[in-house]
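S.K.: So I've got this file, my_file.csv, and it contains CSV, N, CA and C atoms:
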```
chain,number,residue,atom,x,y,z
P,25,MET,N,97.3,97.7,119.5
P,25,MET,CA,96.3,98.1,120.6
P,25,MET,C,95.4,99.2,120.0
P,26,LYS,N,94.2,99.3,120.5
P,26,LYS,CA,93.3,100.2,119.9
P,26,LYS,C,92.8,101.2,121.0
P,27,ASP,N,92.3,102.4,120.5
P,27,ASP,CA,91.8,103.4,121.4
P,27,ASP,C,90.6,102.8,122.2
P,28,GLY,N,90.6,103.0,123.5
P,28,GLY,CA,89.5,102.5,124.3
P,28,GLY,C,89.7,101.0,124.8
P,29,GLN,N,90.8,100.4,124.3
P,29,GLN,CA,91.0,99.0,124.7
P,29,GLN,C,91.4,98.9,126.2
P,30,LYS,N,90.9,97.9,126.8
P,30,LYS,CA,91.2,97.7,128.3
P,30,LYS,C,92.2,96.6,128.5
P,31,ILE,N,93.2,96.9,129.4
P,31,ILE,CA,94.2,95.9,129.8
P,31,ILE,C,93.9,95.6,131.2
P,32,VAL,N,93.6,94.4,131.6
P,32,VAL,CA,93.2,94.0,132.9
P,32,VAL,C,94.3,93.1,133.6
P,33,PHE,N,94.7,93.5,134.8
P,33,PHE,CA,95.6,92.7,135.6
P,33,PHE,C,94.8,92.2,136.8
P,34,HIS,N,94.3,90.9,136.6
P,34,HIS,CA,93.4,90.3,137.6
P,34,HIS,C,94.2,90.0,138.9
P,35,GLY,N,93.6,90.5,140.0
P,35,GLY,CA,94.1,90.2,141.4
P,35,GLY,C,95.4,90.9,141.7
P,36,GLU,N,95.7,92.0,141.0
P,36,GLU,CA,96.9,92.7,141.2
P,36,GLU,C,96.7,94.1,141.9
P,37,GLY,N,95.5,94.3,142.4
P,37,GLY,CA,95.2,95.6,143.1
P,37,GLY,C,95.7,95.5,144.5
P,38,ASP,N,95.2,96.4,145.4
P,38,ASP,CA,95.6,96.5,146.8
P,38,ASP,C,95.5,95.1,147.4
P,39,GLN,N,96.5,94.7,148.1
P,39,GLN,CA,96.5,93.4,148.7
P,39,GLN,C,96.7,93.6,150.2
P,40,GLU,N,95.8,93.0,151.0
P,40,GLU,CA,95.8,93.1,152.4
P,40,GLU,C,95.4,91.7,153.0
P,41,PRO,N,96.0,91.4,154.1
P,41,PRO,CA,95.6,90.1,154.7
P,41,PRO,C,94.0,90.0,155.0
P,42,GLY,N,93.4,89.0,154.6
P,42,GLY,CA,92.0,88.8,154.8
P,42,GLY,C,91.1,89.4,153.7
P,43,LEU,N,91.6,90.1,152.8
P,43,LEU,CA,90.9,90.7,151.7
P,43,LEU,C,91.3,90.2,150.4
P,44,GLU,N,90.3,90.0,149.5
P,44,GLU,CA,90.6,89.6,148.1
P,44,GLU,C,91.1,90.7,147.3
P,45,PRO,N,92.3,90.6,146.7
P,45,PRO,CA,92.8,91.8,145.9
P,45,PRO,C,91.9,92.1,144.7
P,46,GLY,N,91.8,93.4,144.4
P,46,GLY,CA,91.1,93.8,143.3
P,46,GLY,C,91.9,93.7,142.0
P,47,ASP,N,91.2,94.1,140.9
P,47,ASP,CA,91.9,94.1,139.6
P,47,ASP,C,92.4,95.5,139.3
P,48,ILE,N,93.4,95.6,138.5
P,48,ILE,CA,93.9,96.9,137.9
P,48,ILE,C,93.5,96.9,136.5
P,49,ILE,N,92.7,97.9,136.1
P,49,ILE,CA,92.2,98.1,134.7
P,49,ILE,C,92.8,99.3,134.1
P,50,ILE,N,93.5,99.2,133.0
P,50,ILE,CA,94.0,100.3,132.3
P,50,ILE,C,93.3,100.5,131.0
P,51,VAL,N,92.8,101.7,130.7
P,51,VAL,CA,92.0,102.0,129.5
P,51,VAL,C,92.9,102.9,128.6
P,52,LEU,N,93.2,102.4,127.4
P,52,LEU,CA,94.1,103.2,126.5
P,52,LEU,C,93.3,104.4,125.9
P,53,ASP,N,94.0,105.5,125.9
P,53,ASP,CA,93.4,106.7,125.3
P,53,ASP,C,94.4,107.2,124.2
P,54,GLN,N,94.1,107.0,123.0
P,54,GLN,CA,95.0,107.3,121.9
P,54,GLN,C,95.0,108.8,121.6
P,55,LYS,N,96.2,109.4,121.6
P,55,LYS,CA,96.3,110.8,121.3
P,55,LYS,C,96.4,111.1,119.8
P,56,VAL,N,96.0,112.3,119.4
P,56,VAL,CA,96.1,112.7,118.0
P,56,VAL,C,97.5,113.1,117.8
P,57,HIS,N,98.0,112.7,116.6
P,57,HIS,CA,99.4,113.1,116.2
P,57,HIS,C,99.3,113.9,114.9
P,58,PRO,N,100.1,114.9,114.8
P,58,PRO,CA,100.0,115.8,113.5
P,58,PRO,C,100.4,115.0,112.3
P,59,VAL,N,101.2,114.0,112.3
P,59,VAL,CA,101.7,113.3,111.1
P,59,VAL,C,101.0,112.0,111.0
P,60,TYR,N,101.0,111.2,112.1
P,60,TYR,CA,100.4,109.9,112.1
P,60,TYR,C,99.1,109.9,112.8
P,61,THR,N,98.1,110.3,112.1
P,61,THR,CA,96.7,110.3,112.6
P,61,THR,C,96.1,108.9,112.5
P,62,SER,N,95.1,108.7,113.3
P,62,SER,CA,94.4,107.4,113.3
P,62,SER,C,93.0,107.6,113.1
P,63,THR,N,92.5,107.3,111.9
P,63,THR,CA,91.1,107.4,111.5
P,63,THR,C,90.7,106.2,110.7
P,64,ASP,N,89.4,106.0,110.5
P,64,ASP,CA,89.0,104.9,109.7
P,64,ASP,C,89.4,105.1,108.2
P,65,VAL,N,89.2,106.3,107.7
P,65,VAL,CA,89.6,106.7,106.4
P,65,VAL,C,90.9,107.5,106.6
P,66,GLN,N,92.0,107.1,105.9
P,66,GLN,CA,93.3,107.7,106.2
P,66,GLN,C,93.9,108.5,105.1
P,67,PRO,N,93.3,109.6,104.8
P,67,PRO,CA,93.9,110.4,103.7
P,67,PRO,C,95.2,111.0,104.1
P,68,GLN,N,95.5,111.3,105.4
P,68,GLN,CA,96.8,111.9,105.8
P,68,GLN,C,97.7,110.9,106.4
P,69,GLY,N,97.3,109.6,106.5
P,69,GLY,CA,98.1,108.6,107.2
P,69,GLY,C,97.4,108.2,108.4
P,70,GLY,N,98.0,107.2,109.1
P,70,GLY,CA,97.4,106.7,110.3
P,70,GLY,C,97.7,105.3,110.5
P,71,ARG,N,96.9,104.6,111.4
P,71,ARG,CA,97.2,103.2,111.7
P,71,ARG,C,96.3,102.4,110.8
P,72,GLN,N,97.0,101.4,110.2
P,72,GLN,CA,96.3,100.4,109.4
P,72,GLN,C,96.7,99.0,110.1
P,73,GLY,N,95.8,98.5,110.9
P,73,GLY,CA,96.1,97.3,111.6
P,73,GLY,C,97.2,97.6,112.6
P,74,GLU,N,98.3,97.0,112.6
P,74,GLU,CA,99.4,97.2,113.5
P,74,GLU,C,100.4,98.2,112.9
P,75,ASP,N,100.2,98.7,111.7
P,75,ASP,CA,101.2,99.5,111.1
P,75,ASP,C,100.8,101.0,111.1
P,76,LEU,N,101.8,101.9,111.2
P,76,LEU,CA,101.5,103.3,111.1
P,76,LEU,C,101.8,103.7,109.6
P,77,VAL,N,100.9,104.6,109.1
P,77,VAL,CA,101.0,105.0,107.7
P,77,VAL,C,101.1,106.5,107.7
P,78,MET,N,102.0,107.0,106.8
P,78,MET,CA,102.2,108.5,106.7
P,78,MET,C,102.1,108.8,105.2
P,79,SER,N,101.3,109.8,104.9
P,79,SER,CA,101.3,110.3,103.5
P,79,SER,C,102.1,111.5,103.3
P,80,VAL,N,102.9,111.5,102.2
P,80,VAL,CA,103.8,112.6,101.9
P,80,VAL,C,103.5,113.0,100.4
P,81,GLU,N,103.5,114.3,100.2
P,81,GLU,CA,103.3,114.9,98.9
P,81,GLU,C,104.7,114.9,98.2
P,82,LEU,N,104.7,114.5,97.0
P,82,LEU,CA,106.0,114.5,96.2
P,82,LEU,C,105.8,115.3,94.9
P,83,GLN,N,106.9,116.0,94.5
P,83,GLN,CA,106.9,116.7,93.2
P,83,GLN,C,107.0,115.6,92.1
P,84,LEU,N,106.5,115.8,90.9
P,84,LEU,CA,106.6,114.9,89.8
P,84,LEU,C,108.1,114.5,89.6
P,85,VAL,N,109.0,115.4,89.6
P,85,VAL,CA,110.4,115.2,89.4
P,85,VAL,C,110.9,114.2,90.5
P,86,GLU,N,110.5,114.3,91.7
P,86,GLU,CA,110.9,113.4,92.8
P,86,GLU,C,110.4,112.0,92.5
P,87,ALA,N,109.1,111.9,92.1
P,87,ALA,CA,108.6,110.6,91.8
P,87,ALA,C,109.3,109.9,90.7
P,88,LEU,N,109.7,110.7,89.7
P,88,LEU,CA,110.3,110.1,88.5
P,88,LEU,C,111.8,109.9,88.6
P,89,CYS,N,112.5,110.8,89.3
P,89,CYS,CA,114.0,110.7,89.4
P,89,CYS,C,114.5,110.2,90.7
P,90,GLY,N,113.6,110.0,91.7
P,90,GLY,CA,114.1,109.6,93.0
P,90,GLY,C,114.2,110.7,94.0
P,91,PHE,N,114.4,110.4,95.2
P,91,PHE,CA,114.5,111.5,96.3
P,91,PHE,C,115.1,110.9,97.5
P,92,HIS,N,115.6,111.8,98.4
P,92,HIS,CA,116.0,111.5,99.8
P,92,HIS,C,115.2,112.4,100.7
P,93,ARG,N,114.5,111.8,101.7
P,93,ARG,CA,113.7,112.6,102.5
P,93,ARG,C,113.8,112.2,104.0
P,94,PRO,N,114.2,113.1,104.9
P,94,PRO,CA,114.3,112.7,106.3
P,94,PRO,C,112.8,112.6,106.9
P,95,VAL,N,112.6,111.6,107.7
P,95,VAL,CA,111.3,111.4,108.4
P,95,VAL,C,111.6,111.2,109.9
P,96,GLN,N,110.8,112.0,110.7
P,96,GLN,CA,111.0,112.0,112.1
P,96,GLN,C,110.0,110.9,112.7
P,97,THR,N,110.6,110.0,113.5
P,97,THR,CA,109.8,108.9,114.0
P,97,THR,C,109.1,109.3,115.3
P,98,LEU,N,108.3,108.5,115.9
P,98,LEU,CA,107.6,108.8,117.1
P,98,LEU,C,108.5,108.8,118.3
P,99,ASP,N,109.7,108.1,118.2
P,99,ASP,CA,110.6,108.2,119.3
P,99,ASP,C,111.8,109.1,119.0
P,100,ASN,N,111.5,110.1,118.2
P,100,ASN,CA,112.4,111.2,117.9
P,100,ASN,C,113.7,110.8,117.1
P,101,ARG,N,113.7,109.7,116.5
P,101,ARG,CA,114.8,109.3,115.6
P,101,ARG,C,114.5,109.9,114.2
P,102,THR,N,115.5,110.2,113.4
P,102,THR,CA,115.4,110.6,112.0
P,102,THR,C,115.8,109.5,111.1
P,103,LEU,N,114.9,109.1,110.2
P,103,LEU,CA,115.2,108.1,109.2
P,103,LEU,C,115.3,108.8,107.9
P,104,LEU,N,116.3,108.4,107.1
P,104,LEU,CA,116.4,108.9,105.7
P,104,LEU,C,115.7,107.9,104.8
P,105,ILE,N,114.6,108.4,104.2
P,105,ILE,CA,113.9,107.6,103.2
P,105,ILE,C,114.4,107.9,101.8
P,106,THR,N,114.8,106.8,101.1
P,106,THR,CA,115.4,107.0,99.8
P,106,THR,C,114.5,106.2,98.8
P,107,SER,N,114.2,106.9,97.7
P,107,SER,CA,113.5,106.3,96.5
P,107,SER,C,114.4,106.4,95.3
P,108,HIS,N,114.7,105.3,94.7
P,108,HIS,CA,115.5,105.4,93.5
P,108,HIS,C,114.6,105.4,92.3
P,109,PRO,N,115.1,106.0,91.2
P,109,PRO,CA,114.3,106.1,90.0
P,109,PRO,C,114.0,104.7,89.4
```
Please lay out the structure from this file as structure tokens.
M.R.:
Amino acid sequence: MKDGQKIVFHGEGDQEPGLEPGDIIIVLDQKVHPVYTSTDVQPQGGRQGEDLVMSVELQLVEALCGFHRPVQTLDNRTLLITSHP
């Protein structure tokens, strides 16, 4: 889903006898996140299609020898990301 996208529920508004029910329209407003930002150019991470992207700086020794790094998800879980040499 994209910022500004509309979700329409046709005929689901107030319903009364003798009146045609209206539509419910929800407009999405994407909030800025400090880790997962969403921009067209994603130097710090963000959404690419349906995926979220996060950029992380690594030391050379981590890139060459591997590392373990905890990552906080949007639903407050902690995932341990492991890279082997």
S.K.: Using only N, CA and C atoms, which of P:Gly37, P:Asp27, P:Leu88, P:Val32 sits nearest Lys55 (chain P)?
M.R.: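 Using only N, CA and C atoms, Lys55 (chain P) sits closest to P:Asp27.
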S.K.: Hey, what's within 8 Å of Ser107 (chain P) if we count only C-alpha atoms and toss same-chain stuff fewer than 6 positions away? As number ranges by chain, please?
M.R.: P: 90-92
S.K.: Grab the CA of Leu84 (chain P) to atom C of Leu104 (chain P) distance for me, in Å with one decimal place.
M.R.: 18.9 Å
S.K.: Report as a ChimeraX atom specification all protein, DNA and RNA residues lying within 7 Å of Pro45 (chain P), evaluated on all atoms listed in the file, omitting residues in the same chain fewer than 4 positions from it.
M.R.: /P:34-40
S.K.: I need the residues in chain P that are helix (DSSP H, G or I) according to DSSP; give them as a PyMOL selection string.
M.R.: chain P and resi 84-89
S.K.: What separation in Å, quoted to one decimal, exists between atom N of Tyr60 (chain P) and atom N of His108 (chain P)?
M.R.: 22.9 Å
S.K.: Between CA of Cys89 (chain P) and CA of Val77 (chain P), what is the distance, to one decimal in Å?
M.R.: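 CA of Val77 (chain P) lies 23.2 Å from CA of Cys89 (chain P).
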S.K.: Based on DSSP run over this structure's backbone, return all residues of region 29-102 of chain P in strand (DSSP E), as a list in words.
M.R.: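 Across region 29-102 of chain P, those assigned strand (DSSP E) are Lys30, Ile31, Val32, Phe33, Ile48, Ile49, Ile50, Val51, Gly69, Gly70, Arg71, Gln72, Asp75, Leu76, Val77, Met78, Phe91, His92, Arg93, Pro94, Val95, Gln96 and Thr102 of chain P.
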S.K.: Nearest to Ile50 (chain P) among P:Ile31, P:Val80, P:Ile105, P:Met25, with distances taken over all atoms listed in the file: which residue is it?
M.R.: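 Closest candidate: P:Ile31.
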S.K.: Between P:Gly42, P:Asp53, P:Asp47, P:Gln96, which residue has the minimum interatomic distance to Lys26 (chain P), considering only C-alpha atoms?
M.R.: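 For Lys26 (chain P), the nearest of the given residues is P:Asp53.
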